[in-house]
file protein_39.cif (mmCIF, C-alpha atoms)
data_protein
loop_
_atom_site.label_atom_id
_atom_site.label_comp_id
_atom_site.auth_asym_id
_atom_site.auth_seq_id
_atom_site.Cartn_x
_atom_site.Cartn_y
_atom_site.Cartn_z
CA MET M 122 261.79 -44.94 33.00
CA GLY M 123 260.80 -42.78 35.93
CA TYR M 124 259.74 -39.56 34.13
CA GLU M 125 260.93 -37.46 37.06
CA LEU M 126 261.98 -34.51 34.89
CA GLU M 127 258.75 -34.67 32.93
CA LEU M 128 256.60 -34.78 36.06
CA ASP M 129 258.44 -31.87 37.66
CA ALA M 130 257.97 -29.86 34.48
CA ALA M 131 254.28 -30.73 34.14
CA LEU M 132 253.55 -29.81 37.76
CA PHE M 133 255.42 -26.51 37.42
CA ILE M 134 253.87 -25.61 34.07
CA THR M 135 250.28 -26.36 35.10
CA LYS M 136 250.72 -24.11 38.11
CA GLN M 137 252.21 -21.32 35.98
CA ALA M 138 249.30 -21.60 33.57
CA GLY M 139 246.93 -21.69 36.53
CA GLU M 140 248.26 -18.39 37.83
CA LEU M 141 247.82 -16.85 34.40
CA THR M 142 244.23 -18.03 34.05
CA LEU M 143 243.32 -16.88 37.55
CA ARG M 144 244.12 -13.31 36.57
CA TYR M 145 241.32 -13.53 34.00
CA PHE M 146 239.01 -15.47 36.29
CA ASP M 147 238.83 -12.54 38.68
CA GLN M 148 237.50 -10.18 36.00
CA GLU M 149 234.87 -10.16 33.27
CA THR M 150 236.40 -12.13 30.41
CA PRO M 151 234.94 -11.84 26.88
CA THR M 152 233.84 -15.21 25.54
CA ASP M 153 233.76 -16.42 21.95
CA GLU M 154 232.15 -19.55 20.56
CA LYS M 155 234.00 -22.21 18.57
CA GLU M 156 232.45 -24.12 15.68
CA ASP M 157 231.08 -26.75 18.07
CA MET M 158 229.42 -23.95 20.11
CA SER M 159 231.74 -24.49 23.06
CA PRO M 160 233.13 -21.34 24.70
CA VAL M 161 236.71 -20.11 24.44
CA THR M 162 238.37 -17.11 26.08
CA ILE M 163 241.63 -15.23 25.91
CA ALA M 164 242.58 -17.13 29.05
CA ASP M 165 242.32 -20.47 27.17
CA ARG M 166 244.47 -19.16 24.32
CA GLU M 167 247.15 -17.52 26.46
CA SER M 168 247.32 -20.53 28.77
CA GLU M 169 247.93 -22.84 25.80
CA GLU M 170 250.57 -20.52 24.37
CA LEU M 171 252.41 -20.46 27.71
CA ILE M 172 252.25 -24.23 28.15
CA CYS M 173 253.48 -24.88 24.61
CA ARG M 174 256.40 -22.46 24.97
CA LEU M 175 257.53 -23.92 28.28
CA LEU M 176 257.24 -27.51 27.05
CA ALA M 177 259.11 -26.76 23.81
CA GLU M 178 261.94 -25.16 25.76
CA ARG M 179 262.33 -28.18 28.02
CA PHE M 180 261.60 -31.05 25.63
CA PRO M 181 262.61 -30.13 22.06
CA GLY M 182 261.46 -32.68 19.53
CA ASP M 183 258.43 -33.79 21.51
CA GLY M 184 255.07 -33.36 19.80
CA ILE M 185 252.29 -31.19 21.16
CA LEU M 186 248.50 -31.39 20.77
CA GLY M 187 246.34 -28.69 22.34
CA GLU M 188 242.64 -28.00 22.48
CA GLU M 189 242.99 -24.49 21.09
CA GLY M 190 244.86 -25.52 17.97
CA ALA M 191 248.41 -26.23 19.07
CA SER M 192 249.87 -28.96 16.88
CA LEU M 193 253.54 -29.86 16.70
CA PRO M 194 254.78 -33.11 15.14
CA SER M 195 257.00 -35.38 17.21
CA THR M 196 260.48 -36.56 16.31
CA THR M 197 260.90 -38.50 19.56
CA GLY M 198 257.84 -40.77 19.71
CA ARG M 199 256.49 -38.61 22.53
CA ARG M 200 253.57 -36.18 22.54
CA TRP M 201 252.30 -33.73 25.13
CA ILE M 202 248.51 -33.36 25.21
CA ILE M 203 247.22 -30.07 26.61
CA ASP M 204 243.91 -28.74 27.84
CA PRO M 205 244.66 -25.13 28.85
CA ILE M 206 241.32 -24.80 30.64
CA ASP M 207 239.26 -27.95 31.08
CA GLY M 208 235.81 -26.72 31.98
CA THR M 209 235.67 -23.35 30.23
CA ARG M 210 231.91 -23.22 30.88
CA ASP M 211 232.66 -23.36 34.60
CA PHE M 212 235.40 -20.76 34.13
CA VAL M 213 233.12 -18.23 32.44
CA ARG M 214 230.35 -18.82 35.00
CA ARG M 215 232.85 -18.27 37.84
CA THR M 216 232.62 -21.68 39.47
CA GLN M 217 235.77 -23.30 40.83
CA PHE M 218 235.77 -26.78 39.32
CA TRP M 219 237.88 -26.14 36.21
CA SER M 220 241.45 -27.18 35.67
CA VAL M 221 244.64 -27.01 33.64
CA GLN M 222 245.57 -30.43 32.24
CA ILE M 223 248.78 -31.84 30.79
CA ALA M 224 249.52 -35.42 29.79
CA LEU M 225 252.48 -37.16 28.15
CA GLU M 226 251.92 -39.90 25.61
CA VAL M 227 254.80 -42.20 24.66
CA ASP M 228 254.32 -44.59 21.75
CA ARG M 229 250.54 -44.02 22.04
CA ARG M 230 250.43 -44.91 25.75
CA VAL M 231 249.66 -42.14 28.23
CA VAL M 232 252.37 -42.38 30.87
CA LEU M 233 251.88 -39.15 32.83
CA GLY M 234 248.94 -36.95 33.66
CA VAL M 235 248.41 -33.81 35.73
CA ILE M 236 245.10 -32.12 36.57
CA HIS M 237 245.61 -28.84 38.44
CA PHE M 238 242.74 -26.80 39.92
CA PRO M 239 243.91 -23.17 40.16
CA CYS M 240 240.97 -21.91 42.25
CA LEU M 241 241.25 -24.78 44.71
CA ARG M 242 245.07 -24.87 44.59
CA GLU M 243 244.87 -28.65 44.46
CA THR M 244 246.50 -31.07 42.04
CA CYS M 245 246.02 -34.68 41.00
CA HIS M 246 248.82 -36.46 39.15
CA ALA M 247 249.83 -39.94 38.11
CA VAL M 248 252.84 -41.54 36.45
CA ASP M 249 252.87 -44.95 34.83
CA GLY M 250 253.73 -47.57 37.45
CA GLN M 251 254.15 -45.01 40.24
CA GLY M 252 250.63 -44.50 41.60
CA CYS M 253 248.16 -41.64 41.71
CA TYR M 254 248.49 -38.66 44.04
CA TRP M 255 246.27 -35.85 45.29
CA ASP M 256 248.40 -33.00 46.64
CA GLY M 257 251.22 -35.46 47.29
CA ARG M 258 249.08 -38.07 49.05
CA LEU M 259 248.67 -41.51 47.47
CA THR M 260 245.07 -42.20 46.45
CA ARG M 261 243.10 -45.32 45.59
CA ALA M 262 239.80 -46.00 43.88
CA SER M 263 236.95 -47.13 46.10
CA ARG M 264 236.20 -50.76 46.96
CA ILE M 265 232.48 -50.38 46.28
CA GLY M 266 231.21 -53.46 44.46
CA ARG M 267 227.45 -52.90 44.35
CA ILE M 268 225.58 -50.63 41.96
CA ASP M 269 223.09 -49.65 44.66
CA LYS M 270 225.96 -48.42 46.83
CA ALA M 271 227.80 -46.59 44.04
CA ILE M 272 228.00 -42.85 43.40
CA LEU M 273 227.53 -42.10 39.71
CA THR M 274 228.98 -38.98 38.09
CA ILE M 275 228.16 -37.89 34.54
CA SER M 276 229.87 -35.46 32.18
CA GLY M 277 228.25 -34.31 28.97
CA PHE M 278 224.88 -35.60 30.10
CA GLN M 279 223.12 -34.90 26.78
CA ASP M 280 225.80 -36.81 24.86
CA VAL M 281 225.99 -39.72 27.29
CA TRP M 282 222.52 -40.81 26.12
CA VAL M 283 223.92 -41.06 22.57
CA SER M 284 227.32 -42.56 23.31
CA TRP M 285 226.01 -45.18 25.73
CA PRO M 286 222.85 -47.34 25.60
CA PRO M 287 220.11 -44.98 26.83
CA GLU M 288 218.20 -47.61 28.80
CA ALA M 289 221.43 -48.57 30.54
CA VAL M 290 222.11 -44.94 31.44
CA ARG M 291 218.56 -44.62 32.78
CA TYR M 292 219.03 -47.80 34.81
CA LEU M 293 222.20 -46.47 36.40
CA THR M 294 220.67 -43.10 37.26
CA GLU M 295 217.80 -44.93 38.95
CA LYS M 296 219.73 -47.74 40.66
CA CYS M 297 222.93 -46.07 41.82
CA TRP M 298 223.06 -44.81 45.39
CA THR M 299 223.12 -41.20 44.13
CA VAL M 300 224.14 -39.11 41.12
CA ARG M 301 226.60 -36.24 41.34
CA GLY M 302 228.23 -33.89 38.86
CA TYR M 303 230.85 -31.20 39.47
CA SER M 304 232.83 -30.98 36.24
CA GLY M 305 234.44 -33.65 34.12
CA CYS M 306 237.93 -33.05 35.47
CA TYR M 307 236.83 -32.86 39.09
CA ASP M 308 234.65 -35.95 38.71
CA VAL M 309 237.76 -37.85 37.55
CA THR M 310 239.59 -36.85 40.71
CA MET M 311 236.58 -37.91 42.79
CA ILE M 312 237.00 -41.39 41.32
CA ALA M 313 240.75 -41.26 41.94
CA ARG M 314 240.19 -40.47 45.63
CA GLY M 315 237.48 -43.07 46.19
CA LYS M 316 234.80 -40.43 46.71
CA ALA M 317 232.77 -41.49 43.64
CA ASP M 318 232.61 -44.84 41.89
CA ILE M 319 231.48 -44.40 38.27
CA TRP M 320 232.15 -41.67 35.71
CA LEU M 321 230.31 -41.69 32.40
CA SER M 322 231.44 -39.26 29.71
CA GLY M 323 229.78 -38.84 26.36
CA ASN M 324 231.64 -36.11 24.50
CA GLY M 325 235.35 -35.81 25.20
CA MET M 326 238.52 -35.34 23.22
CA PRO M 327 242.06 -36.67 23.76
CA TRP M 328 242.97 -33.62 25.86
CA ASP M 329 240.00 -34.36 28.13
CA TYR M 330 240.76 -38.06 28.51
CA ALA M 331 244.57 -38.34 28.42
CA PRO M 332 245.22 -37.40 32.06
CA ALA M 333 242.14 -39.34 33.15
CA ALA M 334 243.41 -42.54 31.52
CA VAL M 335 246.67 -42.72 33.46
CA ILE M 336 245.09 -41.38 36.67
CA ALA M 337 242.43 -44.10 36.51
CA ARG M 338 244.99 -46.81 35.84
CA GLU M 339 247.28 -45.72 38.65
CA CYS M 340 244.56 -45.35 41.30
CA GLY M 341 243.32 -48.87 40.50
CA ALA M 342 240.17 -47.80 38.62
CA ARG M 343 239.20 -48.90 35.12
CA PHE M 344 239.16 -46.65 32.04
CA ILE M 345 236.99 -48.28 29.35
CA THR M 346 235.27 -47.38 26.07
CA ARG M 347 232.19 -49.07 24.61
CA ASP M 348 234.50 -51.37 22.66
CA GLY M 349 236.17 -52.48 25.87
CA ASP M 350 239.53 -50.84 25.16
CA ASP M 351 241.26 -47.82 26.72
CA ARG M 352 241.53 -45.49 23.72
CA ILE M 353 241.37 -41.75 24.38
CA ASP M 354 240.28 -40.71 20.89
CA VAL M 355 236.72 -42.08 20.55
CA MET M 356 234.84 -39.22 22.28
CA HIS M 357 233.45 -41.25 25.18
CA CYS M 358 234.64 -43.31 28.12
CA MET M 359 233.74 -44.79 31.48
CA ILE M 360 235.88 -44.86 34.60
CA CYS M 361 234.81 -47.09 37.47
CA ALA M 362 235.91 -48.68 40.70
CA PRO M 363 237.45 -52.08 39.89
CA ALA M 364 234.87 -54.23 41.69
CA LEU M 365 232.09 -52.62 39.62
CA GLU M 366 233.65 -53.43 36.26
CA PRO M 367 232.00 -56.83 35.58
CA GLU M 368 228.49 -55.57 36.36
CA LEU M 369 228.96 -52.34 34.42
CA ARG M 370 230.23 -54.24 31.40
CA ARG M 371 227.01 -56.24 31.48
CA ILE M 372 224.74 -53.24 31.99
CA LEU M 373 226.43 -51.10 29.33
CA SER M 374 226.98 -53.97 26.86
CA ILE M 375 230.77 -53.59 26.88
CA PRO M 376 232.61 -56.65 25.49
#

call {"tool": "encode", "arguments": {"input": "protein_39.cif", "output": "structure tokens"}}
result
Amino acid sequence: MGYELELDAALFITKQAGELTLRYFDQETPTDEKEDMSPVTIADRESEELICRLLAERFPGDGILGEEGASLPSTTGRRWIIDPIDGTRDFVRRTQFWSVQIALEVDRRVVLGVIHFPCLRETCHAVDGQGCYWDGRLTRASRIGRIDKAILTISGFQDVWVSWPPEAVRYLTEKCWTVRGYSGCYDVTMIARGKADIWLSGNGMPWDYAPAAVIARECGARFITRDGDDRIDVMHCMICAPALEPELRRILSIP
């Protein structure tokens, strides 16, 4: 299955939601705190409402899961996973590295993912078996195969030390060529374009990881949890260039 209709819809809808959120980005936006102390704004809520409405119109019967509470059961075996603003902290501090994310899960496998950056007007997308693209150009993970030549990116730095072996994290921060951090979503696209080599995340949810999982797979990178699988619901993950996988499994004690 090619998922052409689904991809066209996801690309269109993320851009529509991006335009909506940009209207709030250019002004002072009141910020509330959720139970986990993470920020949420009217832009997050309205973006999710727009995405859900547009998806429901186009794909009736599909399930929906959204960060801001959207939950619709599926009658088709398919589920759309939504992050209306990935990187709300960046949004409220007026930095550019936040995104709108949509992914499609079919029978528990993520088959499509879109990460759109409204401020940058750039988009990364991938479809199962069809490759990964950055603004329409095919991308590949890097060929770096040495830790001392690798660029490490980290998201949720405080939680990474809990989700991953702390001495292993320390080792990587000391031994990698350099450490960078933009935002979780932008770090994923750095991996996808071969501009970074390792991404460690310590506190993510399915809406954070769903697009990343298919993007990693389609650019040739590896998406791995501590158990060695590719689940998106265990609140941590690593993405890496393929040649680094054996060494990183050893360092991070991944089976």

call {"tool": "closest_residue", "arguments": {"input": "protein_39.cif", "among": "M:Pro376, M:Gly234, M:Pro327, M:Pro194", "to": "M:Ala130", "atoms": "only C-alpha atoms"}}
result
M:Gly234

call {"tool": "atom_distance", "arguments": {"input": "protein_39.cif", "atom1": "atom CA of M:Arg144", "atom2": "atom CA of M:Phe212"}}
result
11.7 Å

call {"tool": "resolve_selection", "arguments": {"input": "protein_39.cif", "expression": "the PyMOL selection byres ((chain M and resi 200) around 12)", "output": "tab-separated table (two decimals) with C-alpha atoms, keeping the file's coordinate frame"}}
result
chain	number	residue	atom	x	y	z
M	127	GLU	CA	258.75	-34.67	32.93
M	173	CYS	CA	253.48	-24.88	24.61
M	176	LEU	CA	257.24	-27.51	27.05
M	177	ALA	CA	259.11	-26.76	23.81
M	180	PHE	CA	261.60	-31.05	25.63
M	181	PRO	CA	262.61	-30.13	22.06
M	182	GLY	CA	261.46	-32.68	19.53
M	183	ASP	CA	258.43	-33.79	21.51
M	184	GLY	CA	255.07	-33.36	19.80
M	185	ILE	CA	252.29	-31.19	21.16
M	186	LEU	CA	248.50	-31.39	20.77
M	187	GLY	CA	246.34	-28.69	22.34
M	191	ALA	CA	248.41	-26.23	19.07
M	192	SER	CA	249.87	-28.96	16.88
M	193	LEU	CA	253.54	-29.86	16.70
M	194	PRO	CA	254.78	-33.11	15.14
M	195	SER	CA	257.00	-35.38	17.21
M	196	THR	CA	260.48	-36.56	16.31
M	197	THR	CA	260.90	-38.50	19.56
M	198	GLY	CA	257.84	-40.77	19.71
M	199	ARG	CA	256.49	-38.61	22.53
M	201	TRP	CA	252.30	-33.73	25.13
M	202	ILE	CA	248.51	-33.36	25.21
M	203	ILE	CA	247.22	-30.07	26.61
M	223	ILE	CA	248.78	-31.84	30.79
M	224	ALA	CA	249.52	-35.42	29.79
M	225	LEU	CA	252.48	-37.16	28.15
M	226	GLU	CA	251.92	-39.90	25.61
M	227	VAL	CA	254.80	-42.20	24.66
M	228	ASP	CA	254.32	-44.59	21.75
M	229	ARG	CA	250.54	-44.02	22.04
M	230	ARG	CA	250.43	-44.91	25.75
M	231	VAL	CA	249.66	-42.14	28.23
M	232	VAL	CA	252.37	-42.38	30.87
M	233	LEU	CA	251.88	-39.15	32.83
M	327	PRO	CA	242.06	-36.67	23.76
M	328	TRP	CA	242.97	-33.62	25.86
M	331	ALA	CA	244.57	-38.34	28.42

call {"tool": "residues_around", "arguments": {"input": "protein_39.cif", "residues": "M:Gln251", "least_positions_apart": "3", "cutoff": "9 Å", "atoms": "all atoms listed in the file", "output": "MDAnalysis selection string"}}
result
chainID M and resid 123 247:248 339

call {"tool": "atom_distance", "arguments": {"input": "protein_39.cif", "atom1": "atom CA of M:Leu141", "atom2": "atom CA of M:Arg174"}}
result
13.9 Å

call {"tool": "atom_distance", "arguments": {"input": "protein_39.cif", "atom1": "atom CA of M:Arg371", "atom2": "atom CA of M:Arg264"}}
result
18.8 Å

call {"tool": "resolve_selection", "arguments": {"input": "protein_39.cif", "expression": "the PyMOL selection byres ((chain M and resi 209-211) around 10)", "output": "PDB file with C-alpha atoms, in the frame of the given file"}}
result
ATOM      1  CA  THR M 152     233.840 -15.210  25.540  1.00  0.00           C
ATOM      2  CA  SER M 159     231.740 -24.490  23.060  1.00  0.00           C
ATOM      3  CA  PRO M 160     233.130 -21.340  24.700  1.00  0.00           C
ATOM      4  CA  VAL M 161     236.710 -20.110  24.440  1.00  0.00           C
ATOM      5  CA  THR M 162     238.370 -17.110  26.080  1.00  0.00           C
ATOM      6  CA  ALA M 164     242.580 -17.130  29.050  1.00  0.00           C
ATOM      7  CA  ASP M 165     242.320 -20.470  27.170  1.00  0.00           C
ATOM      8  CA  PRO M 205     244.660 -25.130  28.850  1.00  0.00           C
ATOM      9  CA  ILE M 206     241.320 -24.800  30.640  1.00  0.00           C
ATOM     10  CA  ASP M 207     239.260 -27.950  31.080  1.00  0.00           C
ATOM     11  CA  GLY M 208     235.810 -26.720  31.980  1.00  0.00           C
ATOM     12  CA  PHE M 212     235.400 -20.760  34.130  1.00  0.00           C
ATOM     13  CA  VAL M 213     233.120 -18.230  32.440  1.00  0.00           C
ATOM     14  CA  ARG M 214     230.350 -18.820  35.000  1.00  0.00           C
ATOM     15  CA  ARG M 215     232.850 -18.270  37.840  1.00  0.00           C
ATOM     16  CA  THR M 216     232.620 -21.680  39.470  1.00  0.00           C
ATOM     17  CA  GLN M 217     235.770 -23.300  40.830  1.00  0.00           C
ATOM     18  CA  PHE M 218     235.770 -26.780  39.320  1.00  0.00           C
ATOM     19  CA  TRP M 219     237.880 -26.140  36.210  1.00  0.00           C
ATOM     20  CA  SER M 220     241.450 -27.180  35.670  1.00  0.00           C
ATOM     21  CA  TYR M 303     230.850 -31.200  39.470  1.00  0.00           C
ATOM     22  CA  SER M 304     232.830 -30.980  36.240  1.00  0.00           C
TER      23      SER M 304
END

call {"tool": "residues_around", "arguments": {"input": "protein_39.cif", "residues": "M:Ile272", "least_positions_apart": "6", "cutoff": "7 Å", "atoms": "only C-alpha atoms", "output": "PyMOL selection string"}}
result
chain M and resi 297-300+317-319

call {"tool": "residues_around", "arguments": {"input": "protein_39.cif", "residues": "M:Ile312", "least_positions_apart": "3", "cutoff": "9 Å", "atoms": "all atoms listed in the file", "output": "ChimeraX atom specification"}}
result
/M:261-263,274,307-309,315-320,337,340,342,360-362

call {"tool": "closest_residue", "arguments": {"input": "protein_39.cif", "among": "M:Val290, M:Val235, M:Leu241, M:Ala333", "to": "M:Ile275", "atoms": "all atoms listed in the file"}}
result
M:Val290

call {"tool": "closest_residue", "arguments": {"input": "protein_39.cif", "among": "M:Gln279, M:Gln137, M:Asn324, M:Ser284", "to": "M:Val221", "atoms": "all atoms listed in the file"}}
result
M:Gln137

call {"tool": "residues_near_point", "arguments": {"input": "protein_39.cif", "point": "(228.7, -53.4, 30.3)", "cutoff": "9 Å", "atoms": "only C-alpha atoms", "output": "ChimeraX atom specification"}}
result
/M:289,347,349,366-376

call {"tool": "closest_residue", "arguments": {"input": "protein_39.cif", "among": "M:Pro287, M:Gln148, M:Ile134, M:Asp153", "to": "M:Leu171", "atoms": "all atoms listed in the file"}}
result
M:Ile134

call {"tool": "resolve_selection", "arguments": {"input": "protein_39.cif", "expression": "the PyMOL selection byres ((chain M and resi 330) around 10)", "output": "PDB file with C-alpha atoms, in the coordinates of the input"}}
result
ATOM      1  CA  ILE M 202     248.510 -33.360  25.210  1.00  0.00           C
ATOM      2  CA  ASP M 204     243.910 -28.740  27.840  1.00  0.00           C
ATOM      3  CA  GLN M 222     245.570 -30.430  32.240  1.00  0.00           C
ATOM      4  CA  ALA M 224     249.520 -35.420  29.790  1.00  0.00           C
ATOM      5  CA  VAL M 231     249.660 -42.140  28.230  1.00  0.00           C
ATOM      6  CA  GLY M 234     248.940 -36.950  33.660  1.00  0.00           C
ATOM      7  CA  GLY M 305     234.440 -33.650  34.120  1.00  0.00           C
ATOM      8  CA  CYS M 306     237.930 -33.050  35.470  1.00  0.00           C
ATOM      9  CA  VAL M 309     237.760 -37.850  37.550  1.00  0.00           C
ATOM     10  CA  SER M 322     231.440 -39.260  29.710  1.00  0.00           C
ATOM     11  CA  GLY M 325     235.350 -35.810  25.200  1.00  0.00           C
ATOM     12  CA  MET M 326     238.520 -35.340  23.220  1.00  0.00           C
ATOM     13  CA  PRO M 327     242.060 -36.670  23.760  1.00  0.00           C
ATOM     14  CA  TRP M 328     242.970 -33.620  25.860  1.00  0.00           C
ATOM     15  CA  ASP M 329     240.000 -34.360  28.130  1.00  0.00           C
ATOM     16  CA  ALA M 331     244.570 -38.340  28.420  1.00  0.00           C
ATOM     17  CA  PRO M 332     245.220 -37.400  32.060  1.00  0.00           C
ATOM     18  CA  ALA M 333     242.140 -39.340  33.150  1.00  0.00           C
ATOM     19  CA  ALA M 334     243.410 -42.540  31.520  1.00  0.00           C
ATOM     20  CA  VAL M 335     246.670 -42.720  33.460  1.00  0.00           C
ATOM     21  CA  ILE M 336     245.090 -41.380  36.670  1.00  0.00           C
ATOM     22  CA  PHE M 344     239.160 -46.650  32.040  1.00  0.00           C
ATOM     23  CA  ASP M 351     241.260 -47.820  26.720  1.00  0.00           C
ATOM     24  CA  ARG M 352     241.530 -45.490  23.720  1.00  0.00           C
ATOM     25  CA  ILE M 353     241.370 -41.750  24.380  1.00  0.00           C
ATOM     26  CA  ASP M 354     240.280 -40.710  20.890  1.00  0.00           C
ATOM     27  CA  VAL M 355     236.720 -42.080  20.550  1.00  0.00           C
ATOM     28  CA  MET M 356     234.840 -39.220  22.280  1.00  0.00           C
ATOM     29  CA  HIS M 357     233.450 -41.250  25.180  1.00  0.00           C
ATOM     30  CA  CYS M 358     234.640 -43.310  28.120  1.00  0.00           C
TER      31      CYS M 358
END

call {"tool": "closest_residue", "arguments": {"input": "protein_39.cif", "among": "M:Leu259, M:Thr294, M:Ile265, M:Lys155", "to": "M:Val281", "atoms": "all atoms listed in the file"}}
result
M:Thr294

call {"tool": "closest_residue", "arguments": {"input": "protein_39.cif", "among": "M:Ser276, M:Ala313, M:Leu126, M:Met158", "to": "M:Thr244", "atoms": "all atoms listed in the file"}}
result
M:Ala313

call {"tool": "axis_aligned_box", "arguments": {"input": "protein_39.cif", "around": "stretch 204-222 of chain M", "padding_each_side": "4 Å", "output": "JSON"}}
result
{"center_x": 238.0, "center_y": -24.3, "center_z": 34.3, "size_x": 23.2, "size_y": 20.2, "size_z": 21.0}

call {"tool": "decode", "arguments": {"input": "protein_39.cif", "residues": "stretch 283-316 of chain M", "atoms": "C-alpha atoms", "output": "PDB file, in the first residue's frame"}}
result
ATOM      1  CA  VAL M 283      17.467   7.750  34.544  1.00  0.00           C
ATOM      2  CA  SER M 284      16.298   5.961  31.407  1.00  0.00           C
ATOM      3  CA  TRP M 285      19.787   4.943  30.282  1.00  0.00           C
ATOM      4  CA  PRO M 286      22.801   3.704  32.305  1.00  0.00           C
ATOM      5  CA  PRO M 287      24.298   6.925  33.725  1.00  0.00           C
ATOM      6  CA  GLU M 288      27.922   5.855  33.328  1.00  0.00           C
ATOM      7  CA  ALA M 289      27.219   4.987  29.705  1.00  0.00           C
ATOM      8  CA  VAL M 290      25.669   8.403  29.117  1.00  0.00           C
ATOM      9  CA  ARG M 291      28.686  10.047  30.737  1.00  0.00           C
ATOM     10  CA  TYR M 292      31.006   7.979  28.549  1.00  0.00           C
ATOM     11  CA  LEU M 293      29.215   9.082  25.394  1.00  0.00           C
ATOM     12  CA  THR M 294      29.236  12.756  26.362  1.00  0.00           C
ATOM     13  CA  GLU M 295      32.983  12.499  26.956  1.00  0.00           C
ATOM     14  CA  LYS M 296      33.961  10.280  24.009  1.00  0.00           C
ATOM     15  CA  CYS M 297      31.753  11.501  21.172  1.00  0.00           C
ATOM     16  CA  TRP M 298      33.205  14.057  18.789  1.00  0.00           C
ATOM     17  CA  THR M 299      30.803  16.706  20.136  1.00  0.00           C
ATOM     18  CA  VAL M 300      27.398  17.072  21.795  1.00  0.00           C
ATOM     19  CA  ARG M 301      24.591  19.141  20.314  1.00  0.00           C
ATOM     20  CA  GLY M 302      20.973  19.818  21.217  1.00  0.00           C
ATOM     21  CA  TYR M 303      18.373  21.846  19.326  1.00  0.00           C
ATOM     22  CA  SER M 304      15.036  20.255  20.194  1.00  0.00           C
ATOM     23  CA  GLY M 305      13.907  16.649  20.148  1.00  0.00           C
ATOM     24  CA  CYS M 306      12.098  16.945  16.830  1.00  0.00           C
ATOM     25  CA  TYR M 307      14.893  18.857  15.126  1.00  0.00           C
ATOM     26  CA  ASP M 308      17.516  16.469  16.488  1.00  0.00           C
ATOM     27  CA  VAL M 309      15.597  13.613  14.825  1.00  0.00           C
ATOM     28  CA  THR M 310      15.788  15.375  11.483  1.00  0.00           C
ATOM     29  CA  MET M 311      19.509  15.991  12.016  1.00  0.00           C
ATOM     30  CA  ILE M 312      19.924  12.215  12.250  1.00  0.00           C
ATOM     31  CA  ALA M 313      17.718  11.734   9.190  1.00  0.00           C
ATOM     32  CA  ARG M 314      19.918  14.081   7.139  1.00  0.00           C
ATOM     33  CA  GLY M 315      23.233  12.631   8.296  1.00  0.00           C
ATOM     34  CA  LYS M 316      24.153  15.792  10.204  1.00  0.00           C
TER      35      LYS M 316
END
